[in-house]
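Notes follow the structure.
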Amino acid sequence: MNSSRHLDSALAPETRARALLEQMTLREKAHQLTSVPVWWLVKPDGSTPLEQADTLAKGPGHIANFGVDSPTTMADVIGRLQRTVVEGTRLGIPMLVHTEALNGFLAGGHMVFPTPTGLAATWSPELVREMAETIRGQMKRVGVRQALSPNMDIALDPRWGRMHETYGEDPYLAAALSVAFTRGMQGADLREGVLATAKHFVGYSMPEGGVNLSAYEGGRRRTRDLFAFPVEAAIQEAGLGSVMNAYSDVDGVPTAASRETLTELLRDTLGFRGFVSSDYMTLEHIVTRQHAAKTPGEAAALTIRAGLDTEFPTPFGYGDPLVSEVEAGRADIADVDTAVHRVLEMKFRLGLFEQPYPTEHIDLPRVAAEGRELSEELARRSVVLLQNDGILPLTPGTQSVAVIGPHADSVTYQFATYSYPAFREMTQHMTSGGMGNMVGIDPGMAAWNTQVFTATPVDQYVREELGARSLADAVADHARDVQLAPGSSLTRALPGAALAEAVAAAEASDVVILALGGASLWFNGERTEGEASDSADIALPAAQAELAEAIAATGKPVIAVLVQGRPYTLPEVVQEMSAIVVTSYNGPFGPLAVADVLFGERAPEGRLPYSIPRHTGQIPVYHHQRAGTGYRNPLPPDVAELYLDMPATPLYTFGYGLTYTTFSMSDLSAPSELAIDGAMEVSATVTNTGARAGVLVPQLYLRAEAVGVTRPAQQLAGFTRLELAPGEHARLVFTVSAAQLGYTDLAGDFVVDPGRLELWVAQDAADETDRVEVQVVGTKRPLASAERAFFSTVDVQA
């Protein structure tokens with residue numbers, strides 16, 4: 001046997017992986033599937049940790065997420081740990097370093113972008129791809145080659161605190177942005193790319209009761225047709241390299257232990273060819289939380305058979321317990337070999353064996369500036385105008401403005417979990433003695449954090465390092481003068497005269513900007529959203545509602561600015577304000593983007609990526625509910641509303657957003673028939689009927705019928721972003737393939753059916769507009785995943 005054959009770069013990655021696998025012992029194989037913290041191998045000061053010898057003897061395959069303030073430090077640490085492993089282990093297999101990259105590289109010295117619901121509000125896949133390309137370059141430069149992003153969950157329950165990590169409620173929009181992110185992150189050639197990881201497979205965003213980690217109860221049809229859709233699109237359209245399991249149960253089986261989910265669905269049906277990354281502490285959850293295994297080894301035997309290829313962040317069941325299971329005949333060595341081969345093949349595809357070390361020189365000012373203009377543009381595109389009685393836009397320099405509310409002077413609230421400032425704040429909190437209960441946190445982080453982080457408070461950090469400014473700061477650039485008062489905290493009334501001072505500020509001003517909303521933090525501090533920060537009631541917090549009542553009582557015109565990563569139900573006083581603007585956790589430039597919209601420097605362009613309910617009791621209230629379900633039910637005779645106490649429809653629907661002009665849709669056309677293996681053109685004319693230039697997001701919807709199966713009352717099937725001058729019009733031509741219409745039929749087969757199809761082009765999911773009817777003709781067509789069409793195309797004609 002040629003022991004160096006795997007080093008021949010002329011061979012195919014799968015051949016090299018097989019050659020290396022043949023040389024590995026069972027223990028080396030089992031630990032190649034594990035990750036360890038960086039501080040088990042190297043220390044920031046160059047000294048050797050006590051754990052290093054034992055760790056090297058086992059030869060782990062991955063390094064768990066970590067961050068430091070400086071890219072040069074990050075590159076130096078990763079370079080040293082790779083040299084330690086390459087030179088200090090028998091086979092010299094480079095490690096695959098992973099970090100989070102949801103809305104920016106989770107490491108200091110790099111730009112932060114809007115959180116994913118903010119990205120989704122832009123409806124701009126091309127900018128999401130550009131963002132991912134920027135992050136890819138930053139990660140590769142310092143030697144990080146796997147991103148634990150993007151989040152492809154379809155978020156239907158806003159009680160769940162992680163909704164802001166997703167692209168919203170719609171599978172088509174989520175898939176479009178997921179594919180864009182995956183393409184940007186992985187690139188055309190993985191040797192120059194970073195591995196994207198789709199999370200969380202599958203159904204994680206629809207937990208029972210809206211409580212994080214809870215079971216997902218969904219049948220195979222809903223799982224494949226709805227929740228798996230973005231992942232399948234990323235596999236087929238972008239060659240997705242990794243998938244992360246969900247913590248939840250699927251049909252009573254922990255996802256990581258479900259062969260039906262990780263092998264039969266993900267691989268056999270959806271065509272996945274990469275490796276499955278364990279969410280942090282998954283095997284421990286199976287033993288201690290779900291009680292589906294008695295020992296770490298038993299959990300390992302279940303998950304390796306199911307198709308879980310790795311264990312992050314530290315060994316619990318994989319590594320030595322897995323070795324024992326194989327030796328005792330309770331786990332199959334063939335399953336271990338399969339998982340190891342997948343990991344090794346990906347390392348060869350990434351070119352890690354040829355170049356395991358990061359860039360030697362990093363230009364810190366240039367790196368810090370990367371993506372700045374893009375982050376600003378994404379923040380500006382994501383601002384959604386929900387209501388306007390004509391007060392907006394304000395005239396610059398002419399009015400005294402009171403900026404009131406918990407978001408009035410805050411900059412830290414713009415940075416949600418899975419952004420570096422929030423991560424840094426959480427780790428500093430732990431290091432200073434705070435309760436560290438984040439999933440996967442290693443107690444050894446404290447010593448590491450003391451060395452790599454300065455004591456800089458997060459507010460100072462984001463202002464100095466990222467140029468963040470508050471809404472009051474940004475408004476001051478436009479207004480004649482500004483009165484500032486918090487009025488309340490996020491969830492509590494402030495002591496003393498805080499409320500009276502806010503009222504006095506309002507009375508002394510011409511107009512009030514009431515900055516309300518939420519905050520996402522990592523298990524620490526005052527918050528309304530975030531991981532393990534779920535809500536039984538998604539109403540705007542009572543302290544903010546009380547503040548809104550007091551400000552409205554002054555009689556001053558009030559503009560409500562809602563900073564939120566998920567929907568909040570709004571008290572009547574807010575619903576009746578002169579204008580309502582919604583923005584997400586948009587990073588350093590979020591407040592500037594809002595101020596530019598309020599004062600007309602930029603017209604609002606964002607569209608909601610989720611529906612906003614009237615009341616928590618409506619949940620779920622997403623637009624693509626099945627026909628005859630939820631608010632898609634027809635009214636019984638002599639019944640005015642589906643609920644006795646309020647309408648069943650959302651307060652604001654998916655896709656909704658106003659601007660400072662108006663648009664009309666006309667001349668919808670489509671052929672009368674669509675061949676079951678063909679494609680057709682659906683066209684409509686869009687006209688700017690107002691007096692100002694503006695941006696519209698025309699949305700193509702369809703409704704397909706089936707025999708014996710209830711399908712969605714409507715599905716998003718295409719969209720584009722269109723900017724028109726006053727009086728200008730454009731002809732949109734969507735090309736829709738019959739292969740977009742696939743679904744799981746009554747027999748359980750994935751098919752395209754002949755039958756009636758309705759299509760329309762609208763401004764939002766509730767827009768009542770003309771529809772065309774098309775007959776899909778031909779014989780029922782079975783459709784493999786590789787044969788699917790996931791997206792329509794659109795041509796804009798003058």
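The chains in the structure tokens are called A, B, ... from first to last as shown; in each chain the residues are counted from 1, and the ligands are counted from 1 in the order shown.
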Mind checking which residues fall within 9 Å of Gly755 in chain A, counting only C-alpha atoms, ignoring those fewer than 6 positions away in the same chain, and posting them as a PyMOL selection string? chain A and resi 704-707+774-777
Those in range 526-774 of chain A with alpha helix (DSSP H) from DSSP, as number ranges by chain: A: 542-552, 572-575, 590-598
Which residue out of A:Val462, A:Val384, A:Val144, A:Ala175 has the minimum interatomic distance to Gly109 in chain A when only C-alpha atoms are used?
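Smallest separation from Gly109 in chain A among the options: A:Val462.
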Among the residues A:His361, A:Arg463, A:His200, A:Arg469, the one that comes closest to Pro71 in chain A [using only C-alpha atoms]: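 Between A:His361, A:Arg463, A:His200, A:Arg469, the residue approaching Pro71 in chain A most closely is A:His361.
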Applying 9 Å and only C-alpha atoms, which residues near Val231 in chain A remain after dropping the ones on its own chain fewer than 3 positions away? List them as JSON, numbers by chain. {"A": [152, 153, 175, 178, 179, 198, 199, 201, 227, 228, 234, 235, 236, 240, 243, 266, 270]}
Exercise. Kindly indicate which residue among A:Ala560, A:Val211, A:Val340, A:Ala648 lies nearest to Asp537 in chain A, using only C-alpha atoms for the distances.
Key: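 Checking each candidate against Asp537 in chain A, we get A:Val211 as the closest.
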- prompt: How would you write, as a ChimeraX atom specification, the set of residues in range 409-655 of chain A that DSSP gives as strand (DSSP E)?
  reply: /A:481-485,511-517,558-563,579-583
- request: Considering only C-alpha atoms, return as a VMD selection string whatever protein or nucleic-acid residues lie within 8 Å of range 789-797 of chain A, sequence-local ones (same chain, fewer than 3 positions apart) excluded.
  value: chain A and resid 172 176 233 717 to 720 730 to 740
What's around Thr310 in chain A at 12 Å? Count only C-alpha atoms, leave out sequence neighbours fewer than 2 positions away in its own chain, and write the answer as an MDAnalysis selection string. chainID A and resid 29:36 60:64 96 242:245 256 274:283 300 303:308 312:319 322 335:336 338:344
Between range 351-466 of chain A and range 487-495 of chain A, at 7 Å or less, what are the per-residue closest atom pairs and their distances in Å? Count only C-alpha atoms, order by chain and rising residue number, and return it as a tab-separated table.
residue	atom	partner	partner_atom	distance
A:Ile404	CA	A:Gly487	CA	6.4
A:Gly405	CA	A:Gly487	CA	5.4
A:Pro406	CA	A:Ser489	CA	5.1
Between CA of Gly657 in chain A and CA of Ala765 in chain A, what is the spacing in Å?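 Result for CA of Ala765 in chain A versus CA of Gly657 in chain A: 10.8 Å, one decimal.
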Proximity check range 344-395 of chain A to range 599-615 of chain A, 10 Å, nearest pairs one decimal Å, only C-alpha atoms, as JSON lines:
{"residue": "A:Leu378", "atom": "CA", "partner": "A:Gly606", "partner_atom": "CA", "distance": 9.7}
{"residue": "A:Ala379", "atom": "CA", "partner": "A:Gly606", "partner_atom": "CA", "distance": 9.4}
{"residue": "A:Arg380", "atom": "CA", "partner": "A:Glu605", "partner_atom": "CA", "distance": 7.7}
{"residue": "A:Arg381", "atom": "CA", "partner": "A:Glu605", "partner_atom": "CA", "distance": 5.2}
{"residue": "A:Ser382", "atom": "CA", "partner": "A:Gly606", "partner_atom": "CA", "distance": 4.4}
{"residue": "A:Val383", "atom": "CA", "partner": "A:Gly606", "partner_atom": "CA", "distance": 4.9}
{"residue": "A:Val384", "atom": "CA", "partner": "A:Gly606", "partner_atom": "CA", "distance": 4.3}
{"residue": "A:Leu385", "atom": "CA", "partner": "A:Pro604", "partner_atom": "CA", "distance": 6.1}
{"residue": "A:Leu386", "atom": "CA", "partner": "A:Leu608", "partner_atom": "CA", "distance": 9.0}
{"residue": "A:Leu392", "atom": "CA", "partner": "A:Phe599", "partner_atom": "CA", "distance": 7.3}
{"residue": "A:Pro393", "atom": "CA", "partner": "A:Gly600", "partner_atom": "CA", "distance": 4.9}
{"residue": "A:Leu394", "atom": "CA", "partner": "A:Phe599", "partner_atom": "CA", "distance": 4.6}
{"residue": "A:Thr395", "atom": "CA", "partner": "A:Phe599", "partner_atom": "CA", "distance": 6.0}
Keeping only all heavy atoms, write the selected residues as a compact mmCIF listing (two decimals), in the first residue's frame.
# COMPACT_ATOMS: atom_id res chain seq x y z
N LEU A 378 -27.77 47.12 2.42
CA LEU A 378 -28.71 46.11 2.91
C LEU A 378 -29.61 46.69 3.99
O LEU A 378 -30.83 46.43 4.00
CB LEU A 378 -27.94 44.90 3.45
CG LEU A 378 -27.34 43.97 2.40
CD1 LEU A 378 -26.28 43.07 3.02
CD2 LEU A 378 -28.43 43.13 1.73
N ALA A 379 -29.04 47.48 4.89
CA ALA A 379 -29.85 48.10 5.94
C ALA A 379 -30.89 49.04 5.34
O ALA A 379 -32.06 49.05 5.76
CB ALA A 379 -28.96 48.86 6.92
N ARG A 380 -30.50 49.81 4.34
CA ARG A 380 -31.44 50.75 3.72
C ARG A 380 -32.56 50.02 2.97
O ARG A 380 -33.72 50.42 3.03
CB ARG A 380 -30.70 51.70 2.79
CG ARG A 380 -29.83 52.71 3.54
CD ARG A 380 -29.22 53.74 2.60
NE ARG A 380 -28.62 54.83 3.37
CZ ARG A 380 -27.35 54.91 3.70
NH1 ARG A 380 -26.51 53.94 3.32
NH2 ARG A 380 -26.89 55.93 4.39
N ARG A 381 -32.22 48.94 2.28
CA ARG A 381 -33.24 48.21 1.53
C ARG A 381 -34.22 47.47 2.44
O ARG A 381 -35.30 47.09 1.99
CB ARG A 381 -32.58 47.20 0.58
CG ARG A 381 -31.92 47.81 -0.62
CD ARG A 381 -31.63 46.74 -1.67
NE ARG A 381 -30.84 47.26 -2.77
CZ ARG A 381 -30.58 46.59 -3.89
NH1 ARG A 381 -31.04 45.35 -4.04
NH2 ARG A 381 -29.86 47.13 -4.85
N SER A 382 -33.84 47.25 3.67
CA SER A 382 -34.67 46.42 4.54
C SER A 382 -35.71 47.19 5.33
O SER A 382 -36.54 46.60 6.01
CB SER A 382 -33.79 45.62 5.51
OG SER A 382 -33.27 46.46 6.51
N VAL A 383 -35.69 48.52 5.28
CA VAL A 383 -36.65 49.33 6.05
C VAL A 383 -38.03 49.21 5.41
O VAL A 383 -38.21 49.49 4.22
CB VAL A 383 -36.20 50.79 6.12
CG1 VAL A 383 -37.24 51.62 6.88
CG2 VAL A 383 -34.84 50.91 6.79
N VAL A 384 -39.02 48.79 6.21
CA VAL A 384 -40.38 48.56 5.72
C VAL A 384 -41.30 49.64 6.27
O VAL A 384 -41.37 49.85 7.49
CB VAL A 384 -40.90 47.17 6.14
CG1 VAL A 384 -42.30 46.93 5.58
CG2 VAL A 384 -39.95 46.07 5.69
N LEU A 385 -42.02 50.29 5.39
CA LEU A 385 -43.05 51.26 5.77
C LEU A 385 -44.41 50.57 5.76
O LEU A 385 -44.87 50.11 4.71
CB LEU A 385 -43.04 52.46 4.81
CG LEU A 385 -44.11 53.54 5.05
CD1 LEU A 385 -43.92 54.19 6.42
CD2 LEU A 385 -44.07 54.59 3.94
N LEU A 386 -45.03 50.48 6.92
CA LEU A 386 -46.32 49.80 7.02
C LEU A 386 -47.51 50.75 6.95
O LEU A 386 -48.60 50.35 6.52
CB LEU A 386 -46.42 49.02 8.34
CG LEU A 386 -45.45 47.85 8.53
CD1 LEU A 386 -45.74 47.17 9.87
CD2 LEU A 386 -45.58 46.85 7.40
N LEU A 392 -44.90 61.30 6.42
CA LEU A 392 -43.58 60.98 5.87
C LEU A 392 -43.56 61.22 4.37
O LEU A 392 -44.56 60.99 3.68
CB LEU A 392 -43.22 59.52 6.17
CG LEU A 392 -43.03 59.14 7.63
CD1 LEU A 392 -42.70 57.66 7.76
CD2 LEU A 392 -41.95 59.98 8.30
N PRO A 393 -42.43 61.66 3.86
CA PRO A 393 -41.18 61.95 4.57
C PRO A 393 -41.20 63.30 5.28
O PRO A 393 -41.85 64.24 4.82
CB PRO A 393 -40.13 61.94 3.45
CG PRO A 393 -40.88 62.38 2.23
CD PRO A 393 -42.28 61.82 2.39
N LEU A 394 -40.48 63.38 6.39
CA LEU A 394 -40.30 64.63 7.09
C LEU A 394 -39.39 65.54 6.28
O LEU A 394 -38.56 65.08 5.49
CB LEU A 394 -39.68 64.38 8.47
CG LEU A 394 -40.47 63.48 9.43
CD1 LEU A 394 -39.63 63.18 10.68
CD2 LEU A 394 -41.79 64.13 9.81
N THR A 395 -39.52 66.83 6.49
CA THR A 395 -38.69 67.80 5.78
C THR A 395 -37.44 68.10 6.60
O THR A 395 -37.54 68.54 7.75
CB THR A 395 -39.46 69.11 5.54
OG1 THR A 395 -40.66 68.82 4.81
CG2 THR A 395 -38.61 70.09 4.73
Atomic distance CA of Asp337 in chain A - CA of Met95 in chain A, expressed in Å with one decimal: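 Atom-to-atom, CA of Asp337 in chain A to CA of Met95 in chain A, that is 17.8 Å.
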Ile580 in chain A environment, 8 Å, only C-alpha atoms, sequence neighbours closer than 4 positions dropped, as a PyMOL selection string: chain A and resi 385-388+559-562+574-575
Quiz item: Any idea what's packed within 10 Å of range 45-55 of chain A, counting only C-alpha atoms, ignoring anything in its chain fewer than 2 positions away? Could you give it as JSON, numbers by chain?
Solution: {"A": [31, 36, 38, 39, 40, 41, 42, 43, 57, 58, 59, 60, 76, 77, 80, 84, 85, 88, 89, 448, 451, 452]}
Atoms to include: N, CA and C atoms. Write the selected residues as a compact mmCIF listing (two decimals), in the first residue's frame.
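Final file, result_38.txt:
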# COMPACT_ATOMS: atom_id res chain seq x y z
N HIS A 31 -12.17 9.73 16.19
CA HIS A 31 -11.87 11.11 16.60
C HIS A 31 -11.82 12.07 15.42
N VAL A 36 -12.87 19.89 18.80
CA VAL A 36 -12.39 20.29 20.13
C VAL A 36 -12.24 21.80 20.15
N VAL A 38 -10.29 25.31 20.53
CA VAL A 38 -8.94 25.68 20.13
C VAL A 38 -7.99 25.68 21.32
N TRP A 39 -8.52 26.02 22.52
CA TRP A 39 -7.64 26.13 23.69
C TRP A 39 -7.19 24.78 24.23
N TRP A 40 -7.64 23.68 23.66
CA TRP A 40 -7.08 22.38 24.00
C TRP A 40 -5.77 22.12 23.25
N LEU A 41 -5.50 22.93 22.24
CA LEU A 41 -4.32 22.70 21.40
C LEU A 41 -3.30 23.83 21.45
N VAL A 42 -3.78 25.07 21.48
CA VAL A 42 -2.86 26.21 21.53
C VAL A 42 -3.42 27.25 22.48
N LYS A 43 -2.54 28.14 22.93
CA LYS A 43 -2.95 29.27 23.75
C LYS A 43 -2.58 30.57 23.03
N ALA A 57 -2.90 13.03 20.55
CA ALA A 57 -2.86 11.56 20.46
C ALA A 57 -4.12 11.00 19.83
N LYS A 58 -5.22 11.72 19.98
CA LYS A 58 -6.49 11.25 19.44
C LYS A 58 -6.73 11.74 18.01
N GLY A 59 -6.16 12.85 17.64
CA GLY A 59 -6.27 13.36 16.28
C GLY A 59 -7.68 13.80 15.89
N PRO A 60 -8.29 14.76 16.62
CA PRO A 60 -9.62 15.23 16.25
C PRO A 60 -9.61 15.89 14.88
N ASP A 76 -3.04 33.89 13.27
CA ASP A 76 -1.88 33.34 13.97
C ASP A 76 -2.26 32.09 14.76
N VAL A 77 -3.38 32.15 15.48
CA VAL A 77 -3.82 31.01 16.29
C VAL A 77 -4.12 29.81 15.40
N ARG A 80 -0.99 28.26 13.98
CA ARG A 80 -0.25 27.46 14.96
C ARG A 80 -0.95 26.14 15.27
N THR A 84 0.53 22.43 14.62
CA THR A 84 0.57 21.48 15.73
C THR A 84 0.01 20.13 15.32
N VAL A 85 -1.11 20.15 14.58
CA VAL A 85 -1.77 18.90 14.18
C VAL A 85 -1.05 18.25 13.00
N GLY A 88 2.28 17.13 14.41
CA GLY A 88 2.31 16.41 15.66
C GLY A 88 1.42 15.19 15.74
N THR A 89 0.76 14.82 14.64
CA THR A 89 -0.05 13.60 14.64
C THR A 89 0.49 12.63 13.60
N TRP A 448 -9.29 31.48 28.31
CA TRP A 448 -9.04 31.94 26.94
C TRP A 448 -9.54 33.36 26.75
N GLN A 451 -7.59 36.30 28.03
CA GLN A 451 -6.41 36.68 27.26
C GLN A 451 -6.74 37.35 25.93
N VAL A 452 -7.84 36.93 25.29
CA VAL A 452 -8.08 37.42 23.92
C VAL A 452 -9.00 38.62 23.85
Shortest contact to Glu311 in chain A, candidates A:Asp667, A:Glu284, A:Asp753, A:Asp332, atoms counted only C-alpha atoms, goes to A:Glu284
